[in-house]
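K.L.:
What follows is input14.pdb, made up of PDB, C-alpha atoms and all ligand atoms:
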```pdb
ATOM      1  CA  MET A 426     -23.526  -7.380 -25.721
ATOM      2  CA  ALA A 427     -22.604  -6.466 -22.198
ATOM      3  CA  ASP A 428     -20.755  -9.048 -20.150
ATOM      4  CA  LEU A 429     -22.307  -7.703 -17.000
ATOM      5  CA  VAL A 430     -25.316  -5.534 -16.189
ATOM      6  CA  ILE A 431     -26.034  -4.367 -12.671
ATOM      7  CA  ARG A 432     -29.627  -3.172 -12.363
ATOM      8  CA  GLY A 433     -31.423  -0.813 -10.058
ATOM      9  CA  ALA A 434     -28.462   0.144  -7.895
ATOM     10  CA  THR A 435     -27.926   3.499  -6.250
ATOM     11  CA  LEU A 436     -25.243   4.941  -8.514
ATOM     12  CA  CYS A 437     -22.559   7.239  -7.117
ATOM     13  CA  ASP A 438     -20.409   8.310 -10.036
ATOM     14  CA  GLY A 439     -17.540   9.720  -8.007
ATOM     15  CA  THR A 440     -18.036  13.313  -9.168
ATOM     16  CA  GLY A 441     -19.834  14.415  -6.023
ATOM     17  CA  ALA A 442     -23.186  14.487  -7.815
ATOM     18  CA  GLU A 443     -26.279  13.282  -5.986
ATOM     19  CA  PRO A 444     -26.721   9.481  -6.138
ATOM     20  CA  VAL A 445     -29.312   8.254  -8.651
ATOM     21  CA  ARG A 446     -30.994   4.893  -9.119
ATOM     22  CA  GLY A 447     -29.986   3.199 -12.338
ATOM     23  CA  ASP A 448     -28.202   0.448 -14.237
ATOM     24  CA  LEU A 449     -24.603  -0.035 -15.289
ATOM     25  CA  ALA A 450     -23.228  -2.181 -18.108
ATOM     26  CA  VAL A 451     -19.712  -3.595 -18.440
ATOM     27  CA  ALA A 452     -18.059  -5.104 -21.536
ATOM     28  CA  GLY A 453     -14.600  -6.527 -20.983
ATOM     29  CA  ASP A 454     -12.919  -4.213 -18.509
ATOM     30  CA  ARG A 455     -14.901  -1.115 -19.584
ATOM     31  CA  ILE A 456     -18.076   0.517 -18.326
ATOM     32  CA  THR A 457     -20.134   0.905 -21.498
ATOM     33  CA  ALA A 458     -23.390   2.385 -20.207
ATOM     34  CA  VAL A 459     -24.726   4.081 -17.114
ATOM     35  CA  GLY A 460     -28.344   4.967 -16.432
ATOM     36  CA  ARG A 461     -31.012   2.956 -18.213
ATOM     37  CA  VAL A 462     -29.605  -0.210 -19.846
ATOM     38  CA  PRO A 463     -32.206  -1.979 -22.029
ATOM     39  CA  GLU A 464     -29.906  -4.749 -23.287
ATOM     40  CA  ARG A 465     -29.460  -7.952 -21.392
ATOM     41  CA  GLY A 466     -26.055  -8.825 -20.056
ATOM     42  CA  THR A 467     -24.386 -12.207 -20.119
ATOM     43  CA  ARG A 468     -24.500 -11.882 -16.380
ATOM     44  CA  GLU A 469     -27.050  -9.821 -14.481
ATOM     45  CA  ILE A 470     -26.908  -8.617 -10.910
ATOM     46  CA  ASP A 471     -29.829  -7.131  -9.010
ATOM     47  CA  GLY A 472     -28.432  -3.994  -7.384
ATOM     48  CA  ALA A 473     -31.605  -2.998  -5.552
ATOM     49  CA  GLY A 474     -30.767  -1.656  -2.137
ATOM     50  CA  LEU A 475     -27.052  -1.580  -2.937
ATOM     51  CA  VAL A 476     -24.696   1.313  -3.626
ATOM     52  CA  LEU A 477     -22.541   1.122  -6.745
ATOM     53  CA  ALA A 478     -19.542   3.446  -6.697
ATOM     54  CA  PRO A 479     -15.972   3.692  -7.945
ATOM     55  CA  GLY A 480     -13.553   1.752  -5.765
ATOM     56  CA  PHE A 481     -12.251   3.686  -2.803
ATOM     57  CA  ILE A 482      -8.546   4.413  -2.456
ATOM     58  CA  ASP A 483      -7.390   4.008   1.128
ATOM     59  CA  LEU A 484      -4.516   6.451   1.355
ATOM     60  CA  HIS A 485      -3.271   5.356   4.754
ATOM     61  CA  THR A 486      -2.764   1.674   5.389
ATOM     62  CA  HIS A 487      -0.127  -0.627   6.863
ATOM     63  CA  TYR A 488      -0.824  -3.655   4.716
ATOM     64  CA  ASP A 489       2.866  -4.029   3.741
ATOM     65  CA  CYS A 490       3.122  -7.288   5.705
ATOM     66  CA  GLN A 491      -0.467  -8.497   5.886
ATOM     67  CA  LEU A 492      -0.758  -8.843   2.108
ATOM     68  CA  PHE A 493       1.523 -11.880   2.337
ATOM     69  CA  TRP A 494      -0.914 -13.912   4.424
ATOM     70  CA  ASP A 495      -4.104 -12.031   3.539
ATOM     71  CA  PRO A 496      -3.860 -10.908  -0.126
ATOM     72  CA  PHE A 497      -7.358  -9.418   0.043
ATOM     73  CA  ALA A 498      -6.354  -6.915   2.719
ATOM     74  CA  THR A 499      -9.259  -7.841   4.934
ATOM     75  CA  PRO A 500     -11.448  -6.041   5.840
ATOM     76  CA  SER A 501     -10.858  -3.075   3.505
ATOM     77  CA  PRO A 502     -12.638  -4.488   0.396
ATOM     78  CA  TRP A 503     -15.731  -5.151   2.511
ATOM     79  CA  HIS A 504     -16.060  -1.375   2.693
ATOM     80  CA  GLY A 505     -15.498  -0.729  -1.006
ATOM     81  CA  VAL A 506     -11.738  -0.237  -0.987
ATOM     82  CA  THR A 507     -10.058  -1.438  -4.187
ATOM     83  CA  THR A 508      -6.690   0.319  -3.857
ATOM     84  CA  VAL A 509      -4.509   0.507  -0.771
ATOM     85  CA  VAL A 510      -1.536   2.801  -0.283
ATOM     86  CA  THR A 511       1.076   1.062   1.854
ATOM     87  CA  GLY A 512       4.265   2.209   3.551
ATOM     88  CA  ASN A 513       2.690   4.968   5.612
ATOM     89  CA  CYS A 514       4.083   6.589   8.756
ATOM     90  CA  GLY A 515       7.606   5.984   7.481
ATOM     91  CA  PHE A 516       7.420   2.212   7.946
ATOM     92  CA  THR A 517       8.015  -0.432   5.309
ATOM     93  CA  ILE A 518       9.760  -3.791   5.178
ATOM     94  CA  ALA A 519      11.904  -2.826   2.171
ATOM     95  CA  PRO A 520      14.631  -2.060   1.503
ATOM     96  CA  CYS A 521      15.974  -4.385   4.158
ATOM     97  CA  ARG A 522      19.152  -6.365   4.653
ATOM     98  CA  PRO A 523      18.777  -9.732   6.372
ATOM     99  CA  ASP A 524      20.419  -8.357   9.533
ATOM    100  CA  ASP A 525      17.760  -5.630   9.794
ATOM    101  CA  ARG A 526      14.656  -7.766   9.383
ATOM    102  CA  GLU A 527      14.092  -8.215  13.077
ATOM    103  CA  THR A 528      14.596  -4.491  13.698
ATOM    104  CA  LEU A 529      12.057  -3.426  11.068
ATOM    105  CA  MET A 530       9.554  -5.899  12.478
ATOM    106  CA  GLN A 531      10.202  -4.518  15.954
ATOM    107  CA  LEU A 532       9.442  -1.017  14.615
ATOM    108  CA  LEU A 533       6.066  -2.221  13.383
ATOM    109  CA  LEU A 534       5.470  -3.849  16.743
ATOM    110  CA  PHE A 535       6.543  -0.744  18.644
ATOM    111  CA  VAL A 536       4.709   1.902  16.607
ATOM    112  CA  GLU A 537       1.818   0.080  14.935
ATOM    113  CA  GLY A 538       1.136  -2.605  17.540
ATOM    114  CA  MET A 539       1.483  -5.520  15.139
ATOM    115  CA  PRO A 540       2.119  -8.839  16.945
ATOM    116  CA  ILE A 541       5.751  -9.795  16.394
ATOM    117  CA  GLU A 542       4.873 -13.504  16.251
ATOM    118  CA  THR A 543       2.503 -12.817  13.363
ATOM    119  CA  LEU A 544       5.108 -10.791  11.486
ATOM    120  CA  ARG A 545       7.791 -13.449  11.971
ATOM    121  CA  ALA A 546       5.470 -16.196  10.777
ATOM    122  CA  GLY A 547       3.794 -14.323   7.946
ATOM    123  CA  ILE A 548       6.393 -12.252   6.099
ATOM    124  CA  ARG A 549       8.035 -14.211   3.287
ATOM    125  CA  TRP A 550      11.401 -12.434   3.359
ATOM    126  CA  ALA A 551      12.981 -12.829  -0.056
ATOM    127  CA  TRP A 552      14.383  -9.398  -0.890
ATOM    128  CA  GLU A 553      16.794  -6.662   0.028
ATOM    129  CA  ASP A 554      15.807  -3.847  -2.320
ATOM    130  CA  PHE A 555      12.356  -2.436  -2.934
ATOM    131  CA  ALA A 556      12.012  -3.983  -6.378
ATOM    132  CA  GLY A 557      12.551  -7.394  -4.799
ATOM    133  CA  TYR A 558       9.829  -6.655  -2.268
ATOM    134  CA  LEU A 559       7.452  -5.760  -5.093
ATOM    135  CA  ASP A 560       8.279  -9.041  -6.836
ATOM    136  CA  ALA A 561       7.487 -10.956  -3.645
ATOM    137  CA  LEU A 562       4.263  -9.008  -3.265
ATOM    138  CA  GLN A 563       3.299  -9.761  -6.852
ATOM    139  CA  ALA A 564       3.894 -13.451  -6.197
ATOM    140  CA  ALA A 565       1.450 -13.229  -3.287
ATOM    141  CA  ALA A 566      -1.208 -12.183  -5.862
ATOM    142  CA  PRO A 567      -2.860  -9.271  -4.028
ATOM    143  CA  GLY A 568      -6.620  -9.058  -4.454
ATOM    144  CA  VAL A 569      -6.485  -5.256  -4.297
ATOM    145  CA  ASN A 570      -4.462  -2.675  -6.168
ATOM    146  CA  VAL A 571      -1.387  -1.704  -4.162
ATOM    147  CA  ALA A 572       0.291   1.704  -4.422
ATOM    148  CA  PRO A 573       3.414   1.415  -2.276
ATOM    149  CA  PHE A 574       5.250   4.181  -0.496
ATOM    150  CA  VAL A 575       8.751   3.441   0.679
ATOM    151  CA  GLY A 576       9.131   4.168   4.374
ATOM    152  CA  HIS A 577      11.702   6.574   5.667
ATOM    153  CA  SER A 578      12.707   4.276   8.532
ATOM    154  CA  ALA A 579      13.666   1.408   6.218
ATOM    155  CA  ILE A 580      15.742   3.713   4.007
ATOM    156  CA  ARG A 581      17.497   5.075   7.047
ATOM    157  CA  PHE A 582      18.441   1.621   8.272
ATOM    158  CA  TRP A 583      19.550   0.696   4.776
ATOM    159  CA  ALA A 584      21.689   3.823   4.445
ATOM    160  CA  ALA A 585      23.266   3.818   7.882
ATOM    161  CA  GLY A 586      23.759   0.072   8.268
ATOM    162  CA  VAL A 587      25.669  -0.991  11.350
ATOM    163  CA  ALA A 588      25.834   2.556  12.690
ATOM    164  CA  MET A 589      22.056   2.775  12.625
ATOM    165  CA  ARG A 590      21.697  -0.503  14.451
ATOM    166  CA  ARG A 591      23.789   0.963  17.250
ATOM    167  CA  LEU A 592      21.755   4.188  17.226
ATOM    168  CA  TRP A 593      18.558   2.162  17.589
ATOM    169  CA  GLN A 594      19.784   1.433  21.102
ATOM    170  CA  SER A 595      20.320   5.125  21.914
ATOM    171  CA  PRO A 596      18.558   8.503  21.490
ATOM    172  CA  PRO A 597      18.014   9.711  17.897
ATOM    173  CA  PRO A 598      20.851  11.735  16.384
ATOM    174  CA  ARG A 599      20.631  15.420  15.571
ATOM    175  CA  ALA A 600      22.966  15.207  12.612
ATOM    176  CA  PRO A 601      21.622  14.621   9.087
ATOM    177  CA  ALA A 602      21.291  11.008   8.073
ATOM    178  CA  PRO A 603      24.047   9.691   5.746
ATOM    179  CA  TYR A 604      21.849   9.231   2.703
ATOM    180  CA  GLY A 605      24.685   9.876   0.281
ATOM    181  CA  ASN A 606      25.473   6.177  -0.071
ATOM    182  CA  VAL A 607      21.935   5.147  -0.972
ATOM    183  CA  LYS A 608      21.770   3.376  -4.336
ATOM    184  CA  VAL A 609      18.535   5.059  -5.269
ATOM    185  CA  PRO A 610      17.383   3.474  -8.556
ATOM    186  CA  THR A 611      17.885  -0.164  -7.599
ATOM    187  CA  MET A 612      16.690   0.345  -4.066
ATOM    188  CA  VAL A 613      13.402   2.099  -4.610
ATOM    189  CA  GLY A 614      12.291   1.106  -8.108
ATOM    190  CA  GLY A 615       8.518   0.862  -8.363
ATOM    191  CA  ILE A 616       7.556   3.106  -5.486
ATOM    192  CA  LYS A 617       4.727   5.640  -5.671
ATOM    193  CA  GLY A 618       6.207   7.935  -3.051
ATOM    194  CA  VAL A 619       8.160   8.214   0.148
ATOM    195  CA  ASP A 620       6.565   8.543   3.526
ATOM    196  CA  THR A 621       7.637   9.617   6.968
ATOM    197  CA  TYR A 622       5.963  10.917  10.077
ATOM    198  CA  ILE A 623       6.397  13.911  12.323
ATOM    199  CA  GLY A 624       8.697  12.110  14.769
ATOM    200  CA  SER A 625      11.209  11.549  11.983
ATOM    201  CA  ILE A 626      11.877  15.220  11.321
ATOM    202  CA  ASP A 627      15.159  15.027  13.233
ATOM    203  CA  TYR A 628      16.299  12.525  10.632
ATOM    204  CA  ASN A 629      16.541  15.198   7.926
ATOM    205  CA  VAL A 630      13.737  14.166   5.618
ATOM    206  CA  ASN A 631      14.608  16.913   3.165
ATOM    207  CA  ALA A 632      17.994  15.285   2.520
ATOM    208  CA  LEU A 633      16.238  12.013   1.854
ATOM    209  CA  ALA A 634      13.765  13.608  -0.523
ATOM    210  CA  GLN A 635      16.653  15.160  -2.453
ATOM    211  CA  ALA A 636      18.404  11.778  -2.675
ATOM    212  CA  LEU A 637      15.289  10.191  -4.136
ATOM    213  CA  ARG A 638      14.675  12.778  -6.860
TER     214      ARG A 638
HETATM  215 ZN    ZN B   1       0.095   4.943   9.942
END
```
Give the structure from this file in structure tokens form.
Ligand SMILES: [Zn+2]

P.N.:
Amino acid sequence: MADLVIRGATLCDGTGAEPVRGDLAVAGDRITAVGRVPERGTREIDGAGLVLAPGFIDLHTHYDCQLFWDPFATPSPWHGVTTVVTGNCGFTIAPCRPDDRETLMQLLLFVEGMPIETLRAGIRWAWEDFAGYLDALQAAAPGVNVAPFVGHSAIRFWAAGVAMRRLWQSPPPRAPAPYGNVKVPTMVGGIKGVDTYIGSIDYNVNALAQALR
């Protein structure tokens, strides 16, 4: 017996095929029937006038911080998003040493327009490496799937340390970033990719990509 049957919805199966009106049955965490479902479900939902589709993956988000005070990544799920990719545009809040927290928040303020007061109040800093960030995120119990990129900017601050903090006050360097001292496995465990943006090209992204392989 199906645990759930949704009836009479407009079904979009994700293949690009034309939408069709029909039913969908779920048992456990599996879709067991699509089309005409004669059996009754433990729970029934009238899908008339509604679209039923696979969850959308939002490939470009900046929910890295917001998930701590809004685990449902509002308003993305309202629009059908079930997976968010974070860490875009080269910005993340891990890896991060305590001395660099304010700087990484200022980057998000400067580039993404996030209110610094909100970031200071909402981020539950409890990590230095990326694995620690993922643990903290898990503890926040996200209501969406999260596929995290690690941001180039955070790695650069991590790798260059004090020198980078001084550079933040001056024009960007032309020399390759000193990525050689990055402890790759412990720093970036659990990531789905690395992300940067066009303005970071001076920072030798190729060297970073090599370090992360
Ligand atoms: Zn972005």

K.L.:
Between atom CA of A:Gln563 and atom CA of A:Thr511, what distance in Å does the model show, to one decimal?

P.N.:
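So the two atoms, atom CA of A:Gln563 and atom CA of A:Thr511, lie 14.1 Å apart.
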
K.L.:
Here is a test: counting only C-alpha atoms and all ligand atoms, which residue of A:Leu529, A:Leu492, A:Val536, A:Ile482 is nearest to ligand ZN 1 (chain B)?

P.N.:
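When distances to ligand ZN 1 (chain B) are compared using only C-alpha atoms and all ligand atoms, the smallest one comes from A:Val536.
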
K.L.:
Here is a test: counting all atoms listed in the file, which residue of A:Gly557, A:Gly460, A:Gly472, A:Gly433 is nearest to A:Ile518?

P.N.:
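Selected residue with least distance to A:Ile518: A:Gly557.
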
K.L.:
Return as a ChimeraX atom specification every polymer residue, whether protein, DNA or RNA, with at least one atom no more than 12 Å from an atom of ligand ZN 1 (chain B); count only C-alpha atoms and all ligand atoms.

P.N.:
/A:483-489,510-517,533,536-539,574,576,620-623

K.L.:
Any chance you could export the current selection's C-alpha atoms as a PDB file, in the coordinates of the input?

P.N.:
```pdb
ATOM      1  CA  ASP A 483      -7.390   4.008   1.128  1.00  0.00           C
ATOM      2  CA  LEU A 484      -4.516   6.451   1.355  1.00  0.00           C
ATOM      3  CA  HIS A 485      -3.271   5.356   4.754  1.00  0.00           C
ATOM      4  CA  THR A 486      -2.764   1.674   5.389  1.00  0.00           C
ATOM      5  CA  HIS A 487      -0.127  -0.627   6.863  1.00  0.00           C
ATOM      6  CA  TYR A 488      -0.824  -3.655   4.716  1.00  0.00           C
ATOM      7  CA  ASP A 489       2.866  -4.029   3.741  1.00  0.00           C
ATOM      8  CA  VAL A 510      -1.536   2.801  -0.283  1.00  0.00           C
ATOM      9  CA  THR A 511       1.076   1.062   1.854  1.00  0.00           C
ATOM     10  CA  GLY A 512       4.265   2.209   3.551  1.00  0.00           C
ATOM     11  CA  ASN A 513       2.690   4.968   5.612  1.00  0.00           C
ATOM     12  CA  CYS A 514       4.083   6.589   8.756  1.00  0.00           C
ATOM     13  CA  GLY A 515       7.606   5.984   7.481  1.00  0.00           C
ATOM     14  CA  PHE A 516       7.420   2.212   7.946  1.00  0.00           C
ATOM     15  CA  THR A 517       8.015  -0.432   5.309  1.00  0.00           C
ATOM     16  CA  LEU A 533       6.066  -2.221  13.383  1.00  0.00           C
ATOM     17  CA  VAL A 536       4.709   1.902  16.607  1.00  0.00           C
ATOM     18  CA  GLU A 537       1.818   0.080  14.935  1.00  0.00           C
ATOM     19  CA  GLY A 538       1.136  -2.605  17.540  1.00  0.00           C
ATOM     20  CA  MET A 539       1.483  -5.520  15.139  1.00  0.00           C
ATOM     21  CA  PHE A 574       5.250   4.181  -0.496  1.00  0.00           C
ATOM     22  CA  GLY A 576       9.131   4.168   4.374  1.00  0.00           C
ATOM     23  CA  ASP A 620       6.565   8.543   3.526  1.00  0.00           C
ATOM     24  CA  THR A 621       7.637   9.617   6.968  1.00  0.00           C
ATOM     25  CA  TYR A 622       5.963  10.917  10.077  1.00  0.00           C
ATOM     26  CA  ILE A 623       6.397  13.911  12.323  1.00  0.00           C
TER      27      ILE A 623
END
```

K.L.:
How many Å lie between atom CA of A:Leu436 and atom CA of A:Arg461, rounded to one decimal?

P.N.:
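If I compute the distance from atom CA of A:Leu436 to atom CA of A:Arg461, I get 11.5 Å.
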
K.L.:
Could you state which residues are captured by the PyMOL selection byres (((chain A and resi 547) around 12) and not hetatm) in this file, as a tab-separated table (two decimals) with C-alpha atoms, in the frame of the given file?

P.N.:
```tsv
chain	number	residue	atom	x	y	z
A	489	ASP	CA	2.87	-4.03	3.74
A	490	CYS	CA	3.12	-7.29	5.70
A	491	GLN	CA	-0.47	-8.50	5.89
A	492	LEU	CA	-0.76	-8.84	2.11
A	493	PHE	CA	1.52	-11.88	2.34
A	494	TRP	CA	-0.91	-13.91	4.42
A	495	ASP	CA	-4.10	-12.03	3.54
A	496	PRO	CA	-3.86	-10.91	-0.13
A	530	MET	CA	9.55	-5.90	12.48
A	539	MET	CA	1.48	-5.52	15.14
A	540	PRO	CA	2.12	-8.84	16.94
A	541	ILE	CA	5.75	-9.80	16.39
A	542	GLU	CA	4.87	-13.50	16.25
A	543	THR	CA	2.50	-12.82	13.36
A	544	LEU	CA	5.11	-10.79	11.49
A	545	ARG	CA	7.79	-13.45	11.97
A	546	ALA	CA	5.47	-16.20	10.78
A	548	ILE	CA	6.39	-12.25	6.10
A	549	ARG	CA	8.04	-14.21	3.29
A	550	TRP	CA	11.40	-12.43	3.36
A	565	ALA	CA	1.45	-13.23	-3.29
```

K.L.:
Please compute the atom CA of A:Val569-atom CA of A:Ala427 distance, one decimal, in Å.

P.N.:
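Those two atoms sit 24.1 Å apart.
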
K.L.:
Taking the file as shown, find all residues satisfying the PyMOL selection byres (((chain A and resi 449) around 12) and not hetatm) and write them as a VMD selection string.

P.N.:
chain A and resid 427 to 438 445 to 448 450 to 452 455 to 466 468 to 472 476 to 479

K.L.:
Using all atoms listed in the file, which of the listed residues (A:Gly568, A:Gly439, A:Pro520, A:Gly480) sits closest to A:Phe555?

P.N.:
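Going through A:Gly568, A:Gly439, A:Pro520, A:Gly480 one by one, the smallest distance to A:Phe555 is for A:Pro520.
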
K.L.:
Of the candidates A:Val506, A:Ala442, A:Leu559, A:Ala585, which shows the shortest atom-to-atom distance to A:Arg522, using only C-alpha atoms?

P.N.:
A:Ala585

K.L.:
Please return stretch 538-565 of chain A, rebuilt to N, CA and C atoms, as a PDB file, in the frame of the given file.

P.N.:
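Once written, out-v9.pdb looks like this:
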```pdb
ATOM      1  N   GLY A 538       1.785  -1.601  16.715  1.00  0.00           N
ATOM      2  CA  GLY A 538       1.136  -2.605  17.540  1.00  0.00           C
ATOM      3  C   GLY A 538       0.884  -3.931  16.853  1.00  0.00           C
ATOM      4  N   MET A 539       1.677  -4.244  15.822  1.00  0.00           N
ATOM      5  CA  MET A 539       1.483  -5.520  15.139  1.00  0.00           C
ATOM      6  C   MET A 539       2.174  -6.628  15.934  1.00  0.00           C
ATOM      7  N   PRO A 540       1.497  -7.751  16.165  1.00  0.00           N
ATOM      8  CA  PRO A 540       2.119  -8.839  16.945  1.00  0.00           C
ATOM      9  C   PRO A 540       3.376  -9.361  16.258  1.00  0.00           C
ATOM     10  N   ILE A 541       4.481  -9.387  16.987  1.00  0.00           N
ATOM     11  CA  ILE A 541       5.751  -9.795  16.394  1.00  0.00           C
ATOM     12  C   ILE A 541       5.704 -11.247  15.935  1.00  0.00           C
ATOM     13  N   GLU A 542       4.961 -12.091  16.649  1.00  0.00           N
ATOM     14  CA  GLU A 542       4.873 -13.504  16.251  1.00  0.00           C
ATOM     15  C   GLU A 542       4.202 -13.629  14.873  1.00  0.00           C
ATOM     16  N   THR A 543       3.191 -12.796  14.647  1.00  0.00           N
ATOM     17  CA  THR A 543       2.503 -12.817  13.363  1.00  0.00           C
ATOM     18  C   THR A 543       3.430 -12.366  12.249  1.00  0.00           C
ATOM     19  N   LEU A 544       4.191 -11.305  12.508  1.00  0.00           N
ATOM     20  CA  LEU A 544       5.108 -10.791  11.486  1.00  0.00           C
ATOM     21  C   LEU A 544       6.174 -11.833  11.157  1.00  0.00           C
ATOM     22  N   ARG A 545       6.735 -12.447  12.205  1.00  0.00           N
ATOM     23  CA  ARG A 545       7.791 -13.449  11.971  1.00  0.00           C
ATOM     24  C   ARG A 545       7.265 -14.630  11.174  1.00  0.00           C
ATOM     25  N   ALA A 546       6.037 -15.021  11.451  1.00  0.00           N
ATOM     26  CA  ALA A 546       5.470 -16.196  10.777  1.00  0.00           C
ATOM     27  C   ALA A 546       4.966 -15.866   9.379  1.00  0.00           C
ATOM     28  N   GLY A 547       4.525 -14.622   9.169  1.00  0.00           N
ATOM     29  CA  GLY A 547       3.794 -14.323   7.946  1.00  0.00           C
ATOM     30  C   GLY A 547       4.573 -13.666   6.828  1.00  0.00           C
ATOM     31  N   ILE A 548       5.652 -12.954   7.151  1.00  0.00           N
ATOM     32  CA  ILE A 548       6.393 -12.252   6.099  1.00  0.00           C
ATOM     33  C   ILE A 548       7.310 -13.233   5.383  1.00  0.00           C
ATOM     34  N   ARG A 549       7.176 -13.303   4.070  1.00  0.00           N
ATOM     35  CA  ARG A 549       8.035 -14.211   3.287  1.00  0.00           C
ATOM     36  C   ARG A 549       9.254 -13.431   2.795  1.00  0.00           C
ATOM     37  N   TRP A 550      10.219 -13.221   3.695  1.00  0.00           N
ATOM     38  CA  TRP A 550      11.401 -12.434   3.359  1.00  0.00           C
ATOM     39  C   TRP A 550      12.130 -13.057   2.172  1.00  0.00           C
ATOM     40  N   ALA A 551      12.271 -12.296   1.116  1.00  0.00           N
ATOM     41  CA  ALA A 551      12.981 -12.829  -0.056  1.00  0.00           C
ATOM     42  C   ALA A 551      13.589 -11.667  -0.836  1.00  0.00           C
ATOM     43  N   TRP A 552      13.913 -10.579  -0.178  1.00  0.00           N
ATOM     44  CA  TRP A 552      14.383  -9.398  -0.890  1.00  0.00           C
ATOM     45  C   TRP A 552      15.338  -8.611  -0.004  1.00  0.00           C
ATOM     46  N   GLU A 553      16.068  -7.714  -0.680  1.00  0.00           N
ATOM     47  CA  GLU A 553      16.794  -6.662   0.028  1.00  0.00           C
ATOM     48  C   GLU A 553      16.325  -5.307  -0.471  1.00  0.00           C
ATOM     49  N   ASP A 554      16.226  -5.151  -1.797  1.00  0.00           N
ATOM     50  CA  ASP A 554      15.807  -3.847  -2.320  1.00  0.00           C
ATOM     51  C   ASP A 554      14.293  -3.803  -2.504  1.00  0.00           C
ATOM     52  N   PHE A 555      13.808  -2.613  -2.852  1.00  0.00           N
ATOM     53  CA  PHE A 555      12.356  -2.436  -2.934  1.00  0.00           C
ATOM     54  C   PHE A 555      11.758  -3.185  -4.116  1.00  0.00           C
ATOM     55  N   ALA A 556      12.510  -3.251  -5.207  1.00  0.00           N
ATOM     56  CA  ALA A 556      12.012  -3.983  -6.378  1.00  0.00           C
ATOM     57  C   ALA A 556      11.793  -5.452  -6.032  1.00  0.00           C
ATOM     58  N   GLY A 557      12.695  -6.008  -5.223  1.00  0.00           N
ATOM     59  CA  GLY A 557      12.551  -7.394  -4.799  1.00  0.00           C
ATOM     60  C   GLY A 557      11.317  -7.589  -3.935  1.00  0.00           C
ATOM     61  N   TYR A 558      11.051  -6.595  -3.092  1.00  0.00           N
ATOM     62  CA  TYR A 558       9.829  -6.655  -2.268  1.00  0.00           C
ATOM     63  C   TYR A 558       8.592  -6.660  -3.157  1.00  0.00           C
ATOM     64  N   LEU A 559       8.606  -5.815  -4.188  1.00  0.00           N
ATOM     65  CA  LEU A 559       7.452  -5.760  -5.093  1.00  0.00           C
ATOM     66  C   LEU A 559       7.265  -7.091  -5.824  1.00  0.00           C
ATOM     67  N   ASP A 560       8.377  -7.723  -6.192  1.00  0.00           N
ATOM     68  CA  ASP A 560       8.279  -9.041  -6.836  1.00  0.00           C
ATOM     69  C   ASP A 560       7.629 -10.050  -5.890  1.00  0.00           C
ATOM     70  N   ALA A 561       8.052 -10.021  -4.629  1.00  0.00           N
ATOM     71  CA  ALA A 561       7.487 -10.956  -3.645  1.00  0.00           C
ATOM     72  C   ALA A 561       6.005 -10.673  -3.434  1.00  0.00           C
ATOM     73  N   LEU A 562       5.673  -9.387  -3.440  1.00  0.00           N
ATOM     74  CA  LEU A 562       4.263  -9.008  -3.265  1.00  0.00           C
ATOM     75  C   LEU A 562       3.429  -9.479  -4.453  1.00  0.00           C
ATOM     76  N   GLN A 563       4.003  -9.317  -5.635  1.00  0.00           N
ATOM     77  CA  GLN A 563       3.299  -9.761  -6.852  1.00  0.00           C
ATOM     78  C   GLN A 563       3.049 -11.262  -6.790  1.00  0.00           C
ATOM     79  N   ALA A 564       4.042 -11.998  -6.294  1.00  0.00           N
ATOM     80  CA  ALA A 564       3.894 -13.451  -6.197  1.00  0.00           C
ATOM     81  C   ALA A 564       2.798 -13.844  -5.210  1.00  0.00           C
ATOM     82  N   ALA A 565       2.523 -12.956  -4.257  1.00  0.00           N
ATOM     83  CA  ALA A 565       1.450 -13.229  -3.287  1.00  0.00           C
ATOM     84  C   ALA A 565       0.076 -12.957  -3.890  1.00  0.00           C
TER      85      ALA A 565
END
```
